[in-house]
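The next block holds one structure in the form of structure tokens; read it before the comments.
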Amino acid sequence: MLTKRKILTGIRYLGKKVKNFLSKAQSKELLTFLFFLCLSFLFWMLQSMNEEGEATFVIPVEYNNIPKNIIFTNKPADKLNIRVKDKGLVLLNYSIKNLLTPIDIDFNQLTKKNGVVNLDDDMLRALSKKKFKPTTSILTIYPDTISIYFSEQKSKKVPIVFNGTIDVAPQSRISDRILFTPDSVNVFAPQHLLDSINDIKTERLIYTNLADSVNKNVALQQVYGTKIVPTQVNMVIPIDEFTEKYFNIPIKVVDVPKELTIRLFPTNVKLLCFVGLNDFKDISAESFQLGVSYEVIKSTKNNKVAVDILKAPINVFNIRLQPDSVEFIIEEKVELESIE
């Protein structure tokens with residue numbers, strides 16, 4: 001392992017060698033030669049920058065203002081290879097400063113005939129010329145023609161459906177339906193395709209051990225031969241943690257004839273349920289109603305009847321009763337005669 005002392009010794013030795021080299025007459029001559037060589041190269045570069053040269057640039061093509069009911073049936077060129085001529089300094093600026101922005105093709109401004117648009121060499125040169133300085137000459141463009149084949153489609157509005165799997169974390173659940181904004185999209189396609197499309201699926205999504213709500217933009221699954229507007233939507237998956245809560249609830253007997261009295265044993269049962277933490281404080285014993293029906297009692301062959309849940313909040317789940325049935329006794333009411 002190198003020590004600090006060895007490193008310092010090595011530096012001193014190297015410095016001494018460099019000093020000895022520079023002190024020699026041959027070394028001074030070499031340095032002088034290198035200086036003039038660099039100076040000559042600099043003058044050559046300046047001269048080259050003022051001379052004309054050629055270069056090829058690749059410029060992206062963007063198609064804008066395409067009506068929603070128009071679908072391209074081919075894939076038109078998305079870039080042009082353009083060879084130009086100008087002074088070296090101008091060509092260098094194009095490369096270094098990234099001056100060449102995409103070529104915009106306005107679909108609404110094009111001449112259309114029988115579902116085809118052709119942009120010939122002259123049109124492409126005119127569009128490309130706007131991207132270069134006036135001193136720059138366009139030599140060649142490849143491809144020299146762009147053909148766009150398109151079709152006018154009918155439309156249909158269809159709903160969005162979730163495509164994938166959701167696995168929630170323990171003590172968590174999906175508290176409501178998955179919400180999409182917008183909840184439906186316009187599909188443009190030939191009639192025979194539209195007839196077979198009833199919904200549009202999201203891209204394949206997989207969530208595991210999900211404990212928090214999801215709020216994100218998701219892409220839609222594309223269907224070949226169609227155009228979907230929009231191509232992505234906002235999706236919300238509401239996730240809520242839950243816990244168990246219990247109450248003692250009295251049992252009500254319903255539809256009892258006036259001349260009868262129904263006695264239940266027990267008169268209260270324990271109700272257990274799961275409730276989300278966000279709703280925990282809002283759920284009370286008054287939120288529930290339990291009961292048994294006389295119509296069920298009179299048709300029962302023994303003296304035991306199941307307890308029904310007559311009312312419960314929609315934001316609770318997995319309701320259990322302990323016990324879930326009660327015993328009963330039917331008694332006739334006795335009317336006392338008035339004493340004169």
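Convention: chains lettered A, B, ... in structure tokens order; per-chain residue numbering from 1; ligands numbered from 1 as shown.
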In range 45-118 of chain A, what's strand (DSSP E or B) per DSSP? Answer as a VMD selection string?
-> chain A and resid 52 to 64 70 to 72 79 to 87 103 to 106 113 116 to 118
Can you tell me, as a PyMOL selection string, what residues are no more than 12 Å from Gln171 in chain A when counting only C-alpha atoms, ignoring any on the same chain fewer than 6 positions away?
-> chain A and resi 209-212+239-244+274-277
Requested write-out: all heavy atoms of the selected residues, as a short mmCIF file (atom, residue, chain, number, x, y, z; two decimals), in the first residue's frame:
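Result file part25.cif:
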```
data_model
loop_
_atom_site.label_atom_id
_atom_site.label_comp_id
_atom_site.auth_asym_id
_atom_site.auth_seq_id
_atom_site.Cartn_x
_atom_site.Cartn_y
_atom_site.Cartn_z
N ASN A 209 -51.21 -5.25 -2.64
CA ASN A 209 -51.09 -4.72 -1.27
C ASN A 209 -51.44 -3.24 -1.22
O ASN A 209 -50.76 -2.43 -0.58
CB ASN A 209 -49.66 -4.95 -0.74
CG ASN A 209 -49.62 -4.96 0.77
OD1 ASN A 209 -50.53 -5.41 1.43
ND2 ASN A 209 -48.54 -4.43 1.33
N LEU A 210 -52.53 -2.87 -1.88
CA LEU A 210 -52.94 -1.48 -1.99
C LEU A 210 -53.57 -1.01 -0.68
O LEU A 210 -54.56 -1.58 -0.22
CB LEU A 210 -53.92 -1.32 -3.15
CG LEU A 210 -54.17 0.09 -3.68
CD1 LEU A 210 -52.87 0.71 -4.18
CD2 LEU A 210 -55.19 0.04 -4.81
N ALA A 211 -52.99 0.04 -0.07
CA ALA A 211 -53.48 0.55 1.22
C ALA A 211 -54.00 1.97 1.11
O ALA A 211 -54.72 2.43 2.00
CB ALA A 211 -52.38 0.47 2.27
N ASP A 212 -53.63 2.70 0.06
CA ASP A 212 -54.05 4.09 -0.12
C ASP A 212 -54.81 4.23 -1.43
O ASP A 212 -54.61 3.47 -2.38
CB ASP A 212 -52.84 5.03 -0.12
CG ASP A 212 -52.11 5.03 1.20
OD1 ASP A 212 -52.79 5.09 2.24
OD2 ASP A 212 -50.87 4.96 1.20
N ILE A 239 -59.71 3.73 -1.63
CA ILE A 239 -59.32 2.71 -0.65
C ILE A 239 -59.51 3.27 0.75
O ILE A 239 -59.11 4.40 1.03
CB ILE A 239 -57.85 2.28 -0.85
CG1 ILE A 239 -57.63 1.74 -2.27
CG2 ILE A 239 -57.45 1.24 0.19
CD1 ILE A 239 -58.37 0.46 -2.56
N ASP A 240 -60.13 2.47 1.61
CA ASP A 240 -60.38 2.91 2.99
C ASP A 240 -59.98 1.79 3.93
O ASP A 240 -60.30 0.62 3.70
CB ASP A 240 -61.86 3.25 3.16
CG ASP A 240 -62.14 3.90 4.52
OD1 ASP A 240 -61.18 4.36 5.16
OD2 ASP A 240 -63.32 3.95 4.91
N GLU A 241 -59.28 2.15 5.00
CA GLU A 241 -58.98 1.18 6.06
C GLU A 241 -60.26 0.96 6.86
O GLU A 241 -61.07 1.86 7.03
CB GLU A 241 -57.87 1.68 6.97
CG GLU A 241 -56.50 1.76 6.31
CD GLU A 241 -55.42 2.13 7.31
OE1 GLU A 241 -55.14 1.32 8.20
OE2 GLU A 241 -54.89 3.24 7.19
N PHE A 242 -60.44 -0.26 7.36
CA PHE A 242 -61.65 -0.54 8.14
C PHE A 242 -61.30 -1.24 9.45
O PHE A 242 -60.21 -1.78 9.61
CB PHE A 242 -62.64 -1.38 7.33
CG PHE A 242 -62.16 -2.76 6.98
CD1 PHE A 242 -62.29 -3.82 7.87
CD2 PHE A 242 -61.56 -3.01 5.74
CE1 PHE A 242 -61.85 -5.08 7.54
CE2 PHE A 242 -61.12 -4.28 5.41
CZ PHE A 242 -61.26 -5.32 6.31
N THR A 243 -62.26 -1.21 10.35
CA THR A 243 -62.11 -1.88 11.64
C THR A 243 -63.47 -2.43 12.05
O THR A 243 -64.49 -2.15 11.40
CB THR A 243 -61.57 -0.92 12.71
OG1 THR A 243 -61.28 -1.65 13.89
CG2 THR A 243 -62.59 0.17 13.03
N GLU A 244 -63.49 -3.21 13.11
CA GLU A 244 -64.74 -3.83 13.55
C GLU A 244 -65.40 -2.97 14.63
O GLU A 244 -64.72 -2.37 15.47
CB GLU A 244 -64.49 -5.23 14.09
CG GLU A 244 -65.74 -6.04 14.33
CD GLU A 244 -65.44 -7.47 14.71
OE1 GLU A 244 -64.71 -7.69 15.69
OE2 GLU A 244 -65.94 -8.38 14.01
N PHE A 274 -68.09 -4.46 10.03
CA PHE A 274 -66.87 -3.76 9.65
C PHE A 274 -67.27 -2.39 9.09
O PHE A 274 -68.24 -2.28 8.32
CB PHE A 274 -66.08 -4.52 8.59
CG PHE A 274 -65.36 -5.73 9.13
CD1 PHE A 274 -65.50 -6.97 8.53
CD2 PHE A 274 -64.55 -5.62 10.24
CE1 PHE A 274 -64.84 -8.08 9.02
CE2 PHE A 274 -63.88 -6.71 10.75
CZ PHE A 274 -64.03 -7.95 10.13
N VAL A 275 -66.50 -1.38 9.46
CA VAL A 275 -66.79 -0.02 9.00
C VAL A 275 -65.47 0.68 8.70
O VAL A 275 -64.47 0.47 9.38
CB VAL A 275 -67.61 0.75 10.07
CG1 VAL A 275 -66.88 0.80 11.40
CG2 VAL A 275 -67.93 2.16 9.59
N GLY A 276 -65.48 1.51 7.66
CA GLY A 276 -64.28 2.26 7.30
C GLY A 276 -63.94 3.30 8.37
O GLY A 276 -64.83 3.85 9.04
N LEU A 277 -62.65 3.59 8.50
CA LEU A 277 -62.22 4.54 9.52
C LEU A 277 -62.82 5.92 9.28
O LEU A 277 -63.08 6.67 10.23
CB LEU A 277 -60.69 4.62 9.54
CG LEU A 277 -59.95 3.35 9.97
CD1 LEU A 277 -58.45 3.61 10.03
CD2 LEU A 277 -60.44 2.84 11.31
#
```
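The smallest atom-to-atom distance between Arg177 in chain A and any of A:Ser287, A:Asn93, A:Asn318, A:Ser213, using only C-alpha atoms, is found for A:Ser213.
Separating CA of Ala219 in chain A from CA of Phe107 in chain A is a distance of 25.1 Å.
Going from CA of Ile237 in chain A to CA of Asn278 in chain A covers 15.6 Å.
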For Leu91 in chain A, list every protein, DNA or RNA residue within 8 Å, evaluated using only C-alpha atoms, and leave out those in the same chain fewer than 4 positions away; present the list as a PyMOL selection string.
-> chain A and resi 53-55+86-87+95
Cys273 in chain A environment, 9 Å, only C-alpha atoms, sequence neighbours closer than 6 positions dropped, as an NGL selection string | :A and (243-247 or 316-321)
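Atom pair CA of Arg83 in chain A / CA of Ala126 in chain A: separated by 14.3 Å.
Of the listed residues (A:Ser196, A:Asn315, A:Asn268, A:Thr261), A:Asn315 comes nearest to Asp176 in chain A; the distances count only C-alpha atoms.
The shortest atom-to-atom distance to Glu259 in chain A, with only C-alpha atoms taken into account, belongs to A:Ile330 out of A:Ser284, A:Ile314, A:Ile330, A:Glu203.
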Skip range 324-329 of chain A itself and residues of its chain fewer than 6 positions away, then list as a list in words all residues within 10 Å of it, counting only C-alpha atoms.
-> Ile251, Thr261, Ile262, Arg263, Leu264, Phe265, Pro266, Thr267, Asn268, Val269, Lys270, Leu271, Val292, Ile297, Asn302, Asn303, Lys304, Val305, Ala306, Val307 and Asp308 of chain A
Could you pull the residues within 8 Å of Thr56 in chain A, counting only C-alpha atoms, minus those fewer than 3 positions along the same chain, as a PyMOL selection string?
-> chain A and resi 81-84
Could you write out the selected residues, including all heavy atoms, as an mmCIF file, in the first residue's frame?
```cif
data_model
loop_
_atom_site.group_PDB
_atom_site.id
_atom_site.type_symbol
_atom_site.label_atom_id
_atom_site.label_comp_id
_atom_site.auth_asym_id
_atom_site.auth_seq_id
_atom_site.Cartn_x
_atom_site.Cartn_y
_atom_site.Cartn_z
ATOM 1 N N ASN A 81 -35.345 13.584 -43.856
ATOM 2 C CA ASN A 81 -33.892 13.732 -43.950
ATOM 3 C C ASN A 81 -33.602 14.814 -44.991
ATOM 4 O O ASN A 81 -33.861 14.617 -46.192
ATOM 5 C CB ASN A 81 -33.233 12.417 -44.364
ATOM 6 C CG ASN A 81 -33.342 11.360 -43.276
ATOM 7 O OD1 ASN A 81 -32.494 11.270 -42.402
ATOM 8 N ND2 ASN A 81 -34.400 10.560 -43.336
ATOM 9 N N ILE A 82 -33.091 15.945 -44.525
ATOM 10 C CA ILE A 82 -32.913 17.103 -45.407
ATOM 11 C C ILE A 82 -31.425 17.434 -45.515
ATOM 12 O O ILE A 82 -30.760 17.689 -44.511
ATOM 13 C CB ILE A 82 -33.691 18.324 -44.861
ATOM 14 C CG1 ILE A 82 -35.174 17.959 -44.675
ATOM 15 C CG2 ILE A 82 -33.535 19.512 -45.783
ATOM 16 C CD1 ILE A 82 -35.998 19.052 -44.040
ATOM 17 N N ARG A 83 -30.924 17.424 -46.748
ATOM 18 C CA ARG A 83 -29.518 17.792 -46.992
ATOM 19 C C ARG A 83 -29.491 19.244 -47.459
ATOM 20 O O ARG A 83 -30.187 19.629 -48.406
ATOM 21 C CB ARG A 83 -28.866 16.886 -48.025
ATOM 22 C CG ARG A 83 -27.358 17.110 -48.157
ATOM 23 C CD ARG A 83 -26.633 15.938 -48.745
ATOM 24 N NE ARG A 83 -25.180 16.111 -48.709
ATOM 25 C CZ ARG A 83 -24.417 15.868 -47.642
ATOM 26 N NH1 ARG A 83 -24.982 15.443 -46.526
ATOM 27 N NH2 ARG A 83 -23.108 16.037 -47.693
ATOM 28 N N VAL A 84 -28.657 20.065 -46.795
ATOM 29 C CA VAL A 84 -28.616 21.501 -47.070
ATOM 30 C C VAL A 84 -27.179 21.949 -47.315
ATOM 31 O O VAL A 84 -26.216 21.231 -47.025
ATOM 32 C CB VAL A 84 -29.226 22.293 -45.889
ATOM 33 C CG1 VAL A 84 -30.677 21.937 -45.685
ATOM 34 C CG2 VAL A 84 -28.424 22.056 -44.609
#
```
Minimum-distance residue to Val61 in chain A, chosen among A:Val116, A:Leu179, A:Leu124, A:Val223 (using only C-alpha atoms) | A:Leu124
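Among the candidates A:Leu110, A:Ile200, A:Val218, A:Pro313, the one nearest to Phe280 in chain A when counting only C-alpha atoms is A:Pro313.
The closest residue to Leu100 in chain A, picked from A:Ile66, A:Ile174, A:Ile59, A:Ile160 and counting only C-alpha atoms, is A:Ile59.
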